[in-house]
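Coordinates as given in final20.cif (mmCIF, C-alpha atoms):
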data_entry
#
loop_
_atom_site.label_atom_id
_atom_site.label_comp_id
_atom_site.auth_asym_id
_atom_site.auth_seq_id
_atom_site.Cartn_x
_atom_site.Cartn_y
_atom_site.Cartn_z
CA MET F 1246 -154.31 -35.76 -59.52
CA ASN F 1247 -155.22 -32.44 -61.09
CA ARG F 1248 -152.77 -30.03 -62.64
CA GLY F 1249 -152.65 -27.71 -59.60
CA LYS F 1250 -151.90 -30.56 -57.25
CA SER F 1251 -149.35 -32.01 -59.69
CA PHE F 1252 -147.45 -28.72 -59.85
CA ALA F 1253 -147.53 -28.40 -56.05
CA ALA F 1254 -146.23 -31.95 -55.67
CA LEU F 1255 -143.42 -31.34 -58.20
CA ALA F 1256 -142.45 -28.09 -56.48
CA ALA F 1257 -142.42 -29.76 -53.06
CA TRP F 1258 -140.40 -32.68 -54.45
CA CYS F 1259 -137.78 -30.30 -55.88
CA LEU F 1260 -137.79 -28.28 -52.64
CA TYR F 1261 -136.64 -31.35 -50.73
CA ASP F 1262 -133.49 -31.33 -52.89
CA TRP F 1263 -133.14 -27.65 -51.95
CA ALA F 1264 -133.40 -28.60 -48.26
CA SER F 1265 -130.94 -31.52 -48.29
CA GLY F 1266 -128.36 -29.59 -50.32
CA ALA F 1267 -127.29 -27.64 -47.24
CA PHE F 1268 -125.86 -30.72 -45.50
CA SER F 1269 -124.05 -31.92 -48.62
CA ILE F 1270 -122.35 -28.59 -49.26
CA ILE F 1271 -121.77 -27.23 -45.77
CA VAL F 1272 -120.94 -30.43 -43.87
CA ILE F 1273 -119.66 -32.98 -46.39
CA THR F 1274 -117.80 -30.76 -48.87
CA PHE F 1275 -116.81 -27.38 -47.57
CA ILE F 1276 -117.21 -25.88 -44.09
CA PHE F 1277 -116.98 -28.85 -41.73
CA ALA F 1278 -114.66 -30.91 -43.92
CA THR F 1279 -112.18 -28.02 -44.03
CA TYR F 1280 -112.77 -27.09 -40.38
CA PHE F 1281 -112.07 -30.65 -39.27
CA THR F 1282 -108.79 -31.05 -41.19
CA SER F 1283 -107.49 -27.58 -40.31
CA LYS F 1284 -108.69 -27.02 -36.73
CA ILE F 1285 -109.76 -30.28 -35.07
CA ALA F 1286 -107.38 -32.91 -36.45
CA GLU F 1287 -103.69 -33.02 -35.52
CA ASN F 1288 -102.70 -31.79 -39.01
CA GLN F 1289 -104.17 -31.62 -42.51
CA ILE F 1290 -102.62 -34.86 -43.76
CA ILE F 1291 -103.83 -36.92 -40.81
CA GLY F 1292 -107.15 -35.05 -40.87
CA THR F 1293 -107.65 -35.92 -44.53
CA TYR F 1294 -106.96 -39.57 -43.74
CA GLN F 1295 -109.39 -39.59 -40.78
CA TRP F 1296 -112.15 -37.84 -42.73
CA ALA F 1297 -111.63 -40.32 -45.57
CA ASN F 1298 -112.04 -43.27 -43.19
CA ALA F 1299 -115.23 -41.78 -41.77
CA ALA F 1300 -116.63 -41.25 -45.27
CA SER F 1301 -115.77 -44.88 -46.06
CA LEU F 1302 -117.56 -46.14 -42.94
CA ALA F 1303 -120.65 -44.11 -43.79
CA GLY F 1304 -120.58 -45.54 -47.32
CA ILE F 1305 -120.47 -49.12 -46.04
CA ILE F 1306 -123.43 -48.54 -43.69
CA ILE F 1307 -125.43 -46.90 -46.48
CA ALA F 1308 -124.64 -49.72 -48.91
CA LEU F 1309 -125.76 -52.41 -46.47
CA SER F 1310 -128.92 -50.69 -45.23
CA SER F 1311 -130.38 -48.96 -48.31
CA PRO F 1312 -131.63 -51.94 -50.37
CA LEU F 1313 -133.11 -53.72 -47.34
CA CYS F 1314 -134.90 -50.60 -46.08
CA GLY F 1315 -136.25 -49.99 -49.58
CA ALA F 1316 -137.47 -53.57 -49.98
CA ILE F 1317 -139.17 -53.51 -46.57
CA ALA F 1318 -140.89 -50.22 -47.41
CA ASP F 1319 -142.16 -51.62 -50.72
CA HIS F 1320 -143.98 -54.33 -48.75
CA GLY F 1321 -144.86 -52.48 -45.56
CA GLY F 1322 -145.67 -49.11 -47.12
CA HIS F 1323 -145.25 -45.85 -45.18
CA HIS F 1324 -142.54 -44.49 -47.51
CA LYS F 1325 -143.02 -41.01 -46.11
CA ARG F 1326 -142.45 -42.23 -42.56
CA TRP F 1327 -139.18 -43.83 -43.61
CA LEU F 1328 -138.17 -40.64 -45.36
CA PHE F 1329 -139.14 -38.54 -42.33
CA ALA F 1330 -137.18 -40.76 -39.91
CA PHE F 1331 -133.92 -40.68 -41.86
CA THR F 1332 -134.33 -36.98 -42.64
CA TRP F 1333 -134.49 -36.22 -38.94
CA LEU F 1334 -131.55 -38.49 -38.21
CA CYS F 1335 -129.50 -36.18 -40.42
CA ILE F 1336 -131.07 -33.06 -38.88
CA ILE F 1337 -130.23 -34.13 -35.31
CA ALA F 1338 -126.64 -35.06 -36.24
CA SER F 1339 -126.22 -31.64 -37.89
CA ALA F 1340 -127.48 -29.83 -34.79
CA LEU F 1341 -125.05 -31.76 -32.56
CA MET F 1342 -122.10 -30.45 -34.57
CA TRP F 1343 -122.37 -27.30 -32.46
CA PHE F 1344 -120.30 -29.23 -29.90
CA ALA F 1345 -117.46 -30.03 -32.35
CA TYR F 1346 -114.82 -27.89 -30.64
CA PRO F 1347 -111.44 -27.15 -32.28
CA HIS F 1348 -109.35 -29.66 -30.34
CA PRO F 1349 -108.07 -33.18 -31.11
CA ASN F 1350 -110.19 -34.47 -28.22
CA TYR F 1351 -113.25 -33.89 -30.42
CA VAL F 1352 -112.01 -35.83 -33.45
CA PHE F 1353 -114.14 -38.91 -32.88
CA TYR F 1354 -117.18 -36.93 -31.76
CA THR F 1355 -117.09 -34.84 -34.95
CA LEU F 1356 -116.55 -37.88 -37.14
CA ALA F 1357 -119.45 -39.70 -35.42
CA CYS F 1358 -121.81 -36.80 -36.18
CA PHE F 1359 -120.54 -36.74 -39.76
CA VAL F 1360 -121.13 -40.49 -40.24
CA VAL F 1361 -124.60 -40.49 -38.67
CA GLY F 1362 -125.65 -37.40 -40.62
CA THR F 1363 -124.36 -38.78 -43.90
CA VAL F 1364 -126.16 -42.10 -43.39
CA GLY F 1365 -129.39 -40.27 -42.55
CA LEU F 1366 -129.11 -38.09 -45.66
CA GLU F 1367 -128.24 -40.83 -48.14
CA VAL F 1368 -130.79 -43.39 -46.96
CA ALA F 1369 -133.46 -40.66 -46.94
CA LEU F 1370 -132.60 -39.96 -50.59
CA VAL F 1371 -133.39 -43.60 -51.45
CA PHE F 1372 -137.02 -42.97 -50.49
CA TYR F 1373 -137.00 -39.49 -51.97
CA ASN F 1374 -135.77 -40.74 -55.37
CA ALA F 1375 -138.45 -43.44 -55.40
CA PHE F 1376 -141.10 -40.72 -55.63
CA LEU F 1377 -139.71 -39.42 -58.97
CA PRO F 1378 -141.64 -41.77 -61.30
CA TYR F 1379 -144.83 -40.92 -59.40
CA VAL F 1380 -144.55 -37.11 -59.52
CA ALA F 1381 -142.91 -36.61 -62.95
CA PRO F 1382 -144.67 -37.16 -66.31
CA LYS F 1383 -142.92 -39.93 -68.28
CA ASP F 1384 -141.60 -37.61 -71.00
CA TYR F 1385 -140.22 -35.14 -68.43
CA VAL F 1386 -138.39 -37.47 -66.05
CA GLY F 1387 -134.96 -36.21 -67.17
CA ARG F 1388 -135.89 -32.56 -66.90
CA ILE F 1389 -137.61 -32.94 -63.53
CA SER F 1390 -134.63 -34.86 -62.20
CA GLY F 1391 -132.29 -32.14 -63.49
CA TRP F 1392 -134.43 -29.37 -62.03
CA GLY F 1393 -134.39 -31.18 -58.71
CA TRP F 1394 -130.60 -31.39 -58.72
CA GLY F 1395 -130.48 -27.74 -59.76
CA CYS F 1396 -132.65 -26.81 -56.79
CA GLY F 1397 -130.30 -28.78 -54.57
CA TYR F 1398 -127.33 -26.77 -55.79
CA LEU F 1399 -129.16 -23.45 -55.58
CA GLY F 1400 -130.34 -24.25 -52.06
CA GLY F 1401 -126.80 -25.20 -51.12
CA ILE F 1402 -125.47 -21.97 -52.63
CA LEU F 1403 -127.87 -19.83 -50.62
CA ALA F 1404 -127.22 -21.81 -47.42
CA LEU F 1405 -123.44 -21.58 -47.93
CA SER F 1406 -123.70 -17.85 -48.68
CA ILE F 1407 -125.63 -17.26 -45.46
CA ALA F 1408 -123.09 -19.34 -43.52
CA LEU F 1409 -120.24 -17.31 -45.00
CA PHE F 1410 -121.58 -13.77 -44.69
CA VAL F 1411 -123.79 -14.12 -41.61
CA PHE F 1412 -121.71 -16.45 -39.42
CA VAL F 1413 -118.14 -17.01 -40.63
CA LYS F 1414 -117.18 -13.48 -41.71
CA ALA F 1415 -119.52 -11.46 -39.50
CA LYS F 1416 -118.58 -10.91 -35.88
CA ILE F 1417 -121.81 -11.78 -34.12
CA PRO F 1418 -121.83 -11.00 -30.37
CA GLY F 1419 -121.89 -14.20 -28.36
CA LEU F 1420 -120.02 -16.32 -30.91
CA ASP F 1421 -116.56 -16.90 -29.43
CA THR F 1422 -114.05 -17.00 -32.27
CA GLU F 1423 -111.46 -18.72 -30.05
CA THR F 1424 -113.70 -21.78 -29.86
CA MET F 1425 -114.66 -21.36 -33.55
CA ALA F 1426 -118.30 -20.76 -32.63
CA GLN F 1427 -118.78 -18.91 -35.92
CA ILE F 1428 -118.03 -22.23 -37.64
CA ARG F 1429 -119.78 -24.57 -35.22
CA ILE F 1430 -123.05 -22.61 -35.49
CA CYS F 1431 -123.25 -23.78 -39.08
CA GLY F 1432 -124.30 -27.23 -37.80
CA PRO F 1433 -127.52 -26.03 -36.11
CA PHE F 1434 -128.10 -23.75 -39.10
CA VAL F 1435 -128.04 -26.76 -41.46
CA ALA F 1436 -130.45 -28.58 -39.15
CA LEU F 1437 -132.91 -25.67 -39.21
CA TRP F 1438 -132.61 -25.27 -42.99
CA TYR F 1439 -133.19 -28.96 -43.66
CA ALA F 1440 -136.13 -29.20 -41.26
CA LEU F 1441 -137.88 -26.09 -42.61
CA PHE F 1442 -137.60 -26.66 -46.35
CA SER F 1443 -138.32 -30.40 -46.25
CA LEU F 1444 -141.74 -29.87 -44.65
CA PRO F 1445 -143.71 -29.14 -47.88
CA PHE F 1446 -142.77 -32.57 -49.21
CA PHE F 1447 -144.57 -34.34 -46.38
CA PHE F 1448 -147.73 -32.29 -46.86
CA LEU F 1449 -147.97 -31.92 -50.66
CA VAL F 1450 -146.44 -34.99 -52.26
CA PRO F 1451 -148.93 -37.90 -52.49
CA ALA F 1452 -148.00 -41.15 -50.80
CA ILE F 1453 -146.67 -44.02 -52.91
CA PRO F 1454 -149.42 -46.64 -53.32
CA ALA F 1455 -148.52 -49.76 -51.36
CA LYS F 1456 -150.27 -52.75 -49.82
CA ALA F 1457 -149.25 -52.29 -46.22
CA CYS F 1458 -148.61 -55.44 -44.18
CA PRO F 1459 -147.55 -56.03 -40.56
CA TRP F 1460 -144.05 -54.94 -39.60
CA ARG F 1461 -142.58 -58.42 -39.11
CA GLN F 1462 -144.09 -59.71 -42.33
CA ALA F 1463 -142.78 -56.66 -44.21
CA ILE F 1464 -139.26 -57.36 -42.96
CA TYR F 1465 -139.50 -61.02 -43.95
CA LEU F 1466 -140.97 -60.31 -47.39
CA GLY F 1467 -138.56 -57.43 -48.01
CA TRP F 1468 -135.53 -59.54 -47.12
CA ARG F 1469 -136.73 -62.45 -49.25
CA GLU F 1470 -137.46 -60.25 -52.26
CA LEU F 1471 -134.12 -58.49 -51.93
CA LEU F 1472 -132.27 -61.82 -52.00
CA THR F 1473 -134.30 -62.90 -55.04
CA THR F 1474 -133.55 -59.62 -56.82
CA LEU F 1475 -129.83 -59.90 -56.09
CA LYS F 1476 -129.77 -63.46 -57.46
CA GLN F 1477 -131.58 -62.46 -60.66
CA LEU F 1478 -129.72 -59.18 -61.15
CA PRO F 1479 -126.79 -60.66 -63.16
CA LYS F 1480 -129.36 -62.00 -65.67
CA GLU F 1481 -130.62 -58.45 -66.23
CA ARG F 1482 -127.52 -57.62 -68.25
CA HIS F 1483 -128.06 -53.92 -68.95
CA VAL F 1484 -129.29 -53.06 -65.46
CA PHE F 1485 -126.38 -55.00 -63.98
CA LEU F 1486 -123.83 -53.27 -66.22
CA TYR F 1487 -125.30 -49.88 -65.41
CA LEU F 1488 -125.14 -50.48 -61.66
CA ILE F 1489 -121.49 -51.50 -61.97
CA ALA F 1490 -120.66 -48.42 -64.06
CA HIS F 1491 -122.58 -46.22 -61.62
CA MET F 1492 -120.69 -47.84 -58.75
CA ILE F 1493 -117.39 -46.77 -60.30
CA TYR F 1494 -118.08 -43.18 -61.37
CA ALA F 1495 -120.24 -42.45 -58.30
CA ASP F 1496 -117.22 -43.38 -56.19
CA GLY F 1497 -115.30 -40.67 -58.03
CA LEU F 1498 -118.07 -38.12 -57.52
CA ASN F 1499 -118.42 -38.92 -53.81
CA THR F 1500 -114.68 -38.58 -53.34
CA LEU F 1501 -114.65 -35.28 -55.22
CA PHE F 1502 -117.48 -33.88 -53.06
CA ALA F 1503 -115.85 -35.03 -49.83
CA PHE F 1504 -112.40 -33.65 -50.61
CA GLY F 1505 -112.93 -30.74 -53.00
CA GLY F 1506 -112.70 -28.10 -50.29
CA ILE F 1507 -109.86 -29.91 -48.53
CA TYR F 1508 -107.89 -30.09 -51.80
CA ALA F 1509 -108.45 -26.41 -52.59
CA ALA F 1510 -107.26 -25.37 -49.13
CA GLY F 1511 -104.32 -27.76 -48.82
CA THR F 1512 -102.91 -27.69 -52.37
CA TYR F 1513 -103.73 -24.18 -53.55
CA GLY F 1514 -103.57 -22.40 -50.21
CA LEU F 1515 -107.11 -21.03 -50.23
CA SER F 1516 -108.08 -19.50 -46.90
CA PHE F 1517 -111.19 -20.68 -45.10
CA GLU F 1518 -113.21 -17.75 -46.47
CA GLN F 1519 -111.82 -18.37 -49.96
CA VAL F 1520 -112.83 -22.03 -49.74
CA LEU F 1521 -116.39 -20.94 -48.99
CA LEU F 1522 -116.39 -18.48 -51.90
CA PHE F 1523 -114.95 -21.27 -54.05
CA GLY F 1524 -117.82 -23.49 -52.93
CA ILE F 1525 -120.42 -20.84 -53.74
CA THR F 1526 -119.10 -20.20 -57.26
CA MET F 1527 -118.67 -23.93 -57.92
CA ASN F 1528 -122.23 -24.69 -56.91
CA ILE F 1529 -123.65 -21.80 -58.91
CA THR F 1530 -121.97 -23.28 -61.97
CA ALA F 1531 -123.05 -26.83 -61.10
CA GLY F 1532 -126.63 -25.71 -60.51
CA LEU F 1533 -126.74 -23.87 -63.82
CA GLY F 1534 -125.29 -26.94 -65.52
CA ALA F 1535 -127.89 -29.27 -63.98
CA ILE F 1536 -130.78 -27.00 -65.00
CA SER F 1537 -129.57 -25.81 -68.41
CA LEU F 1538 -128.43 -29.25 -69.61
CA ALA F 1539 -131.48 -31.12 -68.28
CA TRP F 1540 -133.06 -31.01 -71.75
CA MET F 1541 -130.24 -33.24 -73.05
CA ASP F 1542 -131.46 -36.02 -70.81
CA ASP F 1543 -134.93 -36.19 -72.38
CA TYR F 1544 -133.74 -35.43 -75.93
CA PHE F 1545 -130.58 -37.53 -76.32
CA GLY F 1546 -131.13 -39.89 -73.41
CA PRO F 1547 -129.61 -40.18 -69.93
CA LYS F 1548 -126.86 -42.60 -70.98
CA SER F 1549 -125.41 -40.21 -73.57
CA THR F 1550 -125.68 -37.33 -71.10
CA ILE F 1551 -123.73 -39.25 -68.47
CA ILE F 1552 -120.96 -40.34 -70.84
CA LEU F 1553 -120.51 -36.85 -72.29
CA SER F 1554 -120.39 -35.30 -68.82
CA LEU F 1555 -117.88 -37.87 -67.53
CA PHE F 1556 -115.67 -37.21 -70.56
CA PHE F 1557 -115.49 -33.49 -69.77
CA LEU F 1558 -115.03 -34.12 -66.04
CA THR F 1559 -111.97 -36.24 -66.86
CA LEU F 1560 -110.63 -33.84 -69.49
CA LEU F 1561 -110.94 -30.76 -67.27
CA GLY F 1562 -109.72 -32.63 -64.19
CA ILE F 1563 -106.30 -33.31 -65.66
CA PRO F 1564 -104.97 -29.71 -65.54
CA ILE F 1565 -106.30 -29.29 -61.98
CA LEU F 1566 -103.70 -31.85 -60.89
CA PHE F 1567 -100.81 -29.80 -62.28
CA LEU F 1568 -101.81 -26.13 -62.02
CA HIS F 1569 -100.15 -23.94 -59.39
CA ASP F 1570 -101.90 -20.58 -59.74
CA LYS F 1571 -104.97 -20.70 -57.51
CA TYR F 1572 -107.00 -18.35 -59.70
CA VAL F 1573 -106.38 -20.37 -62.86
CA PHE F 1574 -107.29 -23.46 -60.84
CA TRP F 1575 -110.49 -21.70 -59.81
CA MET F 1576 -111.44 -20.95 -63.43
CA VAL F 1577 -110.83 -24.51 -64.63
CA ALA F 1578 -112.74 -25.91 -61.64
CA LEU F 1579 -115.75 -23.74 -62.56
CA LEU F 1580 -115.80 -25.24 -66.07
CA LEU F 1581 -115.56 -28.72 -64.58
CA ALA F 1582 -118.49 -28.05 -62.25
CA VAL F 1583 -120.83 -27.49 -65.21
CA PHE F 1584 -120.81 -31.24 -65.85
CA VAL F 1585 -121.22 -32.45 -62.27
CA GLY F 1586 -124.98 -31.82 -62.04
CA PRO F 1587 -125.89 -33.54 -65.34
CA VAL F 1588 -124.08 -36.73 -64.28
CA GLN F 1589 -126.09 -36.92 -61.08
CA SER F 1590 -129.49 -36.02 -62.50
CA ALA F 1591 -129.11 -38.24 -65.58
CA SER F 1592 -128.01 -41.15 -63.38
CA ARG F 1593 -131.24 -40.89 -61.42
CA SER F 1594 -133.43 -40.63 -64.53
CA LEU F 1595 -131.60 -43.53 -66.20
CA MET F 1596 -132.49 -45.67 -63.20
CA VAL F 1597 -136.14 -44.68 -63.69
CA LYS F 1598 -135.92 -45.69 -67.37
CA LEU F 1599 -134.45 -49.06 -66.43
CA ILE F 1600 -136.96 -49.84 -63.68
CA GLY F 1601 -139.78 -50.42 -66.19
CA HIS F 1602 -142.30 -50.78 -63.35
CA LYS F 1603 -143.05 -48.95 -60.13
CA GLU F 1604 -144.07 -51.71 -57.72
CA SER F 1605 -140.53 -52.18 -56.40
CA ALA F 1606 -139.23 -48.67 -57.09
CA THR F 1607 -137.89 -48.13 -53.57
CA GLU F 1608 -136.05 -51.46 -53.55
CA ILE F 1609 -134.52 -50.69 -56.95
CA PHE F 1610 -133.43 -47.25 -55.79
CA GLY F 1611 -132.00 -48.98 -52.75
CA LEU F 1612 -129.88 -51.07 -55.12
CA TYR F 1613 -129.04 -47.84 -56.96
CA ALA F 1614 -127.83 -46.40 -53.65
CA LEU F 1615 -126.01 -49.68 -53.01
CA SER F 1616 -124.17 -49.34 -56.32
CA GLY F 1617 -123.22 -45.79 -55.38
CA LYS F 1618 -121.98 -46.75 -51.92
CA ILE F 1619 -120.90 -50.39 -51.84
CA THR F 1620 -117.38 -49.42 -52.92
CA ALA F 1621 -117.64 -45.85 -51.59
CA PHE F 1622 -114.95 -46.66 -49.04
CA ILE F 1623 -112.45 -47.37 -51.84
CA GLY F 1624 -112.32 -43.83 -53.27
CA PRO F 1625 -111.81 -41.96 -49.97
CA TRP F 1626 -109.55 -44.69 -48.59
CA LEU F 1627 -107.40 -44.74 -51.75
CA LEU F 1628 -107.21 -40.95 -51.83
CA GLY F 1629 -106.28 -40.84 -48.14
CA PHE F 1630 -103.75 -43.67 -48.47
CA LEU F 1631 -101.97 -42.12 -51.47
CA THR F 1632 -102.05 -38.68 -49.88
CA LEU F 1633 -100.47 -40.07 -46.72
CA THR F 1634 -97.97 -42.28 -48.60
CA PHE F 1635 -96.71 -39.60 -51.00
CA GLY F 1636 -97.38 -36.60 -48.75
CA SER F 1637 -99.25 -34.99 -51.65
CA GLN F 1638 -102.92 -34.23 -52.11
CA ARG F 1639 -102.39 -34.02 -55.89
CA VAL F 1640 -101.48 -37.70 -56.07
CA GLY F 1641 -104.52 -38.61 -54.01
CA MET F 1642 -106.92 -36.51 -56.09
CA ALA F 1643 -105.67 -38.14 -59.31
CA THR F 1644 -107.62 -41.28 -58.38
CA VAL F 1645 -110.91 -39.43 -58.99
CA LEU F 1646 -110.18 -39.11 -62.71
CA VAL F 1647 -109.52 -42.83 -63.01
CA PHE F 1648 -112.97 -43.55 -61.57
CA PHE F 1649 -114.61 -41.14 -64.04
CA ALA F 1650 -112.89 -42.63 -67.09
CA LEU F 1651 -113.48 -46.24 -66.06
CA GLY F 1652 -117.14 -45.58 -65.26
CA ALA F 1653 -117.73 -44.05 -68.70
CA LEU F 1654 -116.11 -47.01 -70.45
CA LEU F 1655 -118.23 -49.51 -68.51
CA LEU F 1656 -121.39 -47.60 -69.39
CA LEU F 1657 -120.84 -47.89 -73.16
CA PRO F 1658 -122.39 -51.38 -73.62
CA VAL F 1659 -125.53 -50.49 -71.62
CA ARG F 1660 -128.67 -50.39 -73.74
CA VAL F 1661 -131.83 -48.67 -72.49
CA VAL F 1662 -134.46 -50.64 -74.39
CA GLU F 1663 -137.49 -48.83 -72.97
CA TYR F 1664 -136.09 -45.47 -73.97
CA GLU F 1665 -135.15 -46.55 -77.48
CA ALA F 1666 -138.64 -47.89 -78.11
CA ASN F 1667 -140.12 -44.44 -77.75
CA ASN F 1668 -137.43 -42.21 -79.23
CA THR F 1669 -135.55 -41.97 -82.50
CA PHE F 1670 -132.14 -41.60 -80.86
CA ASN F 1671 -130.42 -44.97 -80.47
CA LEU F 1672 -128.53 -45.22 -77.19
CA LYS F 1673 -126.19 -47.85 -78.61
CA ARG F 1674 -124.43 -45.11 -80.55
#

Encoding of this model in structure tokens:
Amino acid sequence: MNRGKSFAALAAWCLYDWASGAFSIIVITFIFATYFTSKIAENQIIGTYQWANAASLAGIIIALSSPLCGAIADHGGHHKRWLFAFTWLCIIASALMWFAYPHPNYVFYTLACFVVGTVGLEVALVFYNAFLPYVAPKDYVGRISGWGWGCGYLGGILALSIALFVFVKAKIPGLDTETMAQIRICGPFVALWYALFSLPFFFLVPAIPAKACPWRQAIYLGWRELLTTLKQLPKERHVFLYLIAHMIYADGLNTLFAFGGIYAAGTYGLSFEQVLLFGITMNITAGLGAISLAWMDDYFGPKSTIILSLFFLTLLGIPILFLHDKYVFWMVALLLAVFVGPVQSASRSLMVKLIGHKESATEIFGLYALSGKITAFIGPWLLGFLTLTFGSQRVGMATVLVFFALGALLLLPVRVVEYEANNTFNLKR
């Protein structure tokens, strides 16, 4: 592949992150999460509990389906078709959120769209991540991964800004505010955004080389190889330890994303518009952090980048549990957001370093998704349970910091042999 085509493929790969960021920010974290708890659910406490259960259900489905889908694709080929199918599952679910009216009768409908959309997004990312070692030069995997995450945040920022200033705050004729049409329209907007900006990927990124086999044989071989991999995984000590560590701190990140807007609104009294502005500023900071700190990944290594970022996420998260002034809270949260992007991008590049080969990249990234989702129900469920039990969102949010600290501690023994063999920095430090 020549340099022009390589650049086009890298740009299209990063643009997919830009496209998918709209669902993550608008549906999962800010607009629809806050809309559901404040307008659709019976009250904010019950709404938080219901949204947490839905996030847990989505996590279980993702955990069970991702590795198998990845293993089947590694044998049957057609990675782009898999990616396209799950991408459009998320797009359709987003569009259907137009019918999520502000009434308790629409609780289960809204949650169903949320679960289906989240499953579509996360399983699609399994196939998307598998393309990273094919489009990024070996010495730039960390930076390319970071730039991709940065594009995701920047795309989410722009999408959220449009949602805020074009739909939520502007009084557009035809959008009935009594039925919250200015909020519901954000669902179809996400669908259009995702569909439009994901298209270059399917035209410009080369297909992953694979020996395609018949559908039934691919399922059989994929299932058999997945079982073999799971049996041998405990013997691969460092990969196994990393997946466990990733399982723990990813649970904290997923919980933070799902309930950040809800926490800001419920605990600090931010209005709906303020929550959106909070989301925009947070994602600007997170995007800048992912891009500006991407060099650390390639220079010091992804493991060190993850541990350092988790340390600061825990340190800065402590005052957020006790502050009362919403503007001071806002400032501390902006500092915390700087270290969110590096954790995510370095986690992806560390998985690439640990793969060591590309033949089963999709299956391995399926296991990576499994490690990020297999216990994903615990974080939201625990947050929702403690919030409901103590009647306090602060108590519930405290669980996130425990996941960050524990994940960092479990990551310490992991040794990235492949990385150490080619760099002077020793990851055992």

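The residues returned by the PyMOL selection byres ((chain F and resi 1448) around 12) on the shown structure are Lys1250, Ala1253, Ala1254, Ala1256, Ala1257, Trp1258, Tyr1261, Lys1325, Phe1329, Phe1442, Ser1443, Leu1444, Pro1445, Phe1446, Phe1447, Leu1449, Val1450, Pro1451 and Ala1452 of chain F.
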
Open item on the list: For this structure, which residues satisfy the selection - the PyMOL selection byres ((chain F and resi 1501) around 10) - when it is evaluated on the file as given? I want them as a PyMOL selection string.
Closed with: chain F and resi 1274+1495-1500+1502-1508+1624-1625+1628+1642+1644-1646

Open item on the list: Between CA of Met1576 (chain F) and CA of Ser1516 (chain F), what is the distance in Å, rounded to a tenth?
Closed with: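 Computed distance, CA of Met1576 (chain F) to CA of Ser1516 (chain F), equals 16.9 Å.
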
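The gap separating CA of Trp1327 (chain F) from CA of Cys1259 (chain F) is 18.3 Å, in Å to one decimal.
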
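One finds CA of Tyr1373 (chain F) at 12.4 Å from CA of His1323 (chain F).
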
Task: Point (-135.5, -31.9, -39.4), cut-off 7 Å, counting all atoms listed in the file, residues as number ranges by chain - done: F: 1332-1333, 1336, 1436-1437, 1439-1440

Task: Expected residue set, 10 Å radius at (-115.3, -20.3, -51.5), all atoms listed in the file, as a list in words - done: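 Residues with an atom at most 10 Å from (-115.3, -20.3, -51.5): Phe1275, Ile1276, Leu1405, Ser1406, Leu1409, Gly1506, Ala1509, Ala1510, Leu1515, Ser1516, Phe1517, Glu1518, Gln1519, Val1520, Leu1521, Leu1522, Phe1523, Gly1524, Ile1525, Thr1526, Met1527, Asn1528 and Trp1575 of chain F.
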
Once you have the residues from the selection above, write them out as a PDB file, in the coordinates of the input, restricted to C-alpha atoms.
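So the final result, stored in again-v1.pdb, reads:
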ATOM      1  CA  PHE F1275    -116.810 -27.380 -47.570  1.00  0.00           C
ATOM      2  CA  ILE F1276    -117.210 -25.880 -44.090  1.00  0.00           C
ATOM      3  CA  LEU F1405    -123.440 -21.580 -47.930  1.00  0.00           C
ATOM      4  CA  SER F1406    -123.700 -17.850 -48.680  1.00  0.00           C
ATOM      5  CA  LEU F1409    -120.240 -17.310 -45.000  1.00  0.00           C
ATOM      6  CA  GLY F1506    -112.700 -28.100 -50.290  1.00  0.00           C
ATOM      7  CA  ALA F1509    -108.450 -26.410 -52.590  1.00  0.00           C
ATOM      8  CA  ALA F1510    -107.260 -25.370 -49.130  1.00  0.00           C
ATOM      9  CA  LEU F1515    -107.110 -21.030 -50.230  1.00  0.00           C
ATOM     10  CA  SER F1516    -108.080 -19.500 -46.900  1.00  0.00           C
ATOM     11  CA  PHE F1517    -111.190 -20.680 -45.100  1.00  0.00           C
ATOM     12  CA  GLU F1518    -113.210 -17.750 -46.470  1.00  0.00           C
ATOM     13  CA  GLN F1519    -111.820 -18.370 -49.960  1.00  0.00           C
ATOM     14  CA  VAL F1520    -112.830 -22.030 -49.740  1.00  0.00           C
ATOM     15  CA  LEU F1521    -116.390 -20.940 -48.990  1.00  0.00           C
ATOM     16  CA  LEU F1522    -116.390 -18.480 -51.900  1.00  0.00           C
ATOM     17  CA  PHE F1523    -114.950 -21.270 -54.050  1.00  0.00           C
ATOM     18  CA  GLY F1524    -117.820 -23.490 -52.930  1.00  0.00           C
ATOM     19  CA  ILE F1525    -120.420 -20.840 -53.740  1.00  0.00           C
ATOM     20  CA  THR F1526    -119.100 -20.200 -57.260  1.00  0.00           C
ATOM     21  CA  MET F1527    -118.670 -23.930 -57.920  1.00  0.00           C
ATOM     22  CA  ASN F1528    -122.230 -24.690 -56.910  1.00  0.00           C
ATOM     23  CA  TRP F1575    -110.490 -21.700 -59.810  1.00  0.00           C
TER      24      TRP F1575
END

Task: Contact residues around Ser1301 (chain F) with only C-alpha atoms at 7 Å, ignoring same-chain residues under 2 positions, as a list of chain:residue names - done: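 In the requested format, the answer is F:Ala1297, F:Asn1298, F:Ala1299, F:Ala1303, F:Gly1304, F:Ile1305, F:Ala1621, F:Phe1622, F:Pro1625, F:Trp1626.
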
Task: Residues near Pro1382 (chain F), cut-off 12 Å, all atoms listed in the file, skip fewer than 2 positions along chain, as a list of chain:residue names - done: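 Once the adjacent positions are removed, what remains is F:Met1246, F:Arg1248, F:Ser1251, F:Phe1252, F:Ala1254, F:Leu1255, F:Phe1376, F:Leu1377, F:Pro1378, F:Tyr1379, F:Val1380, F:Asp1384, F:Tyr1385, F:Val1386, F:Gly1387, F:Arg1388, F:Ile1389, F:Ser1390, F:Asp1543, F:Ser1594, F:Val1597.
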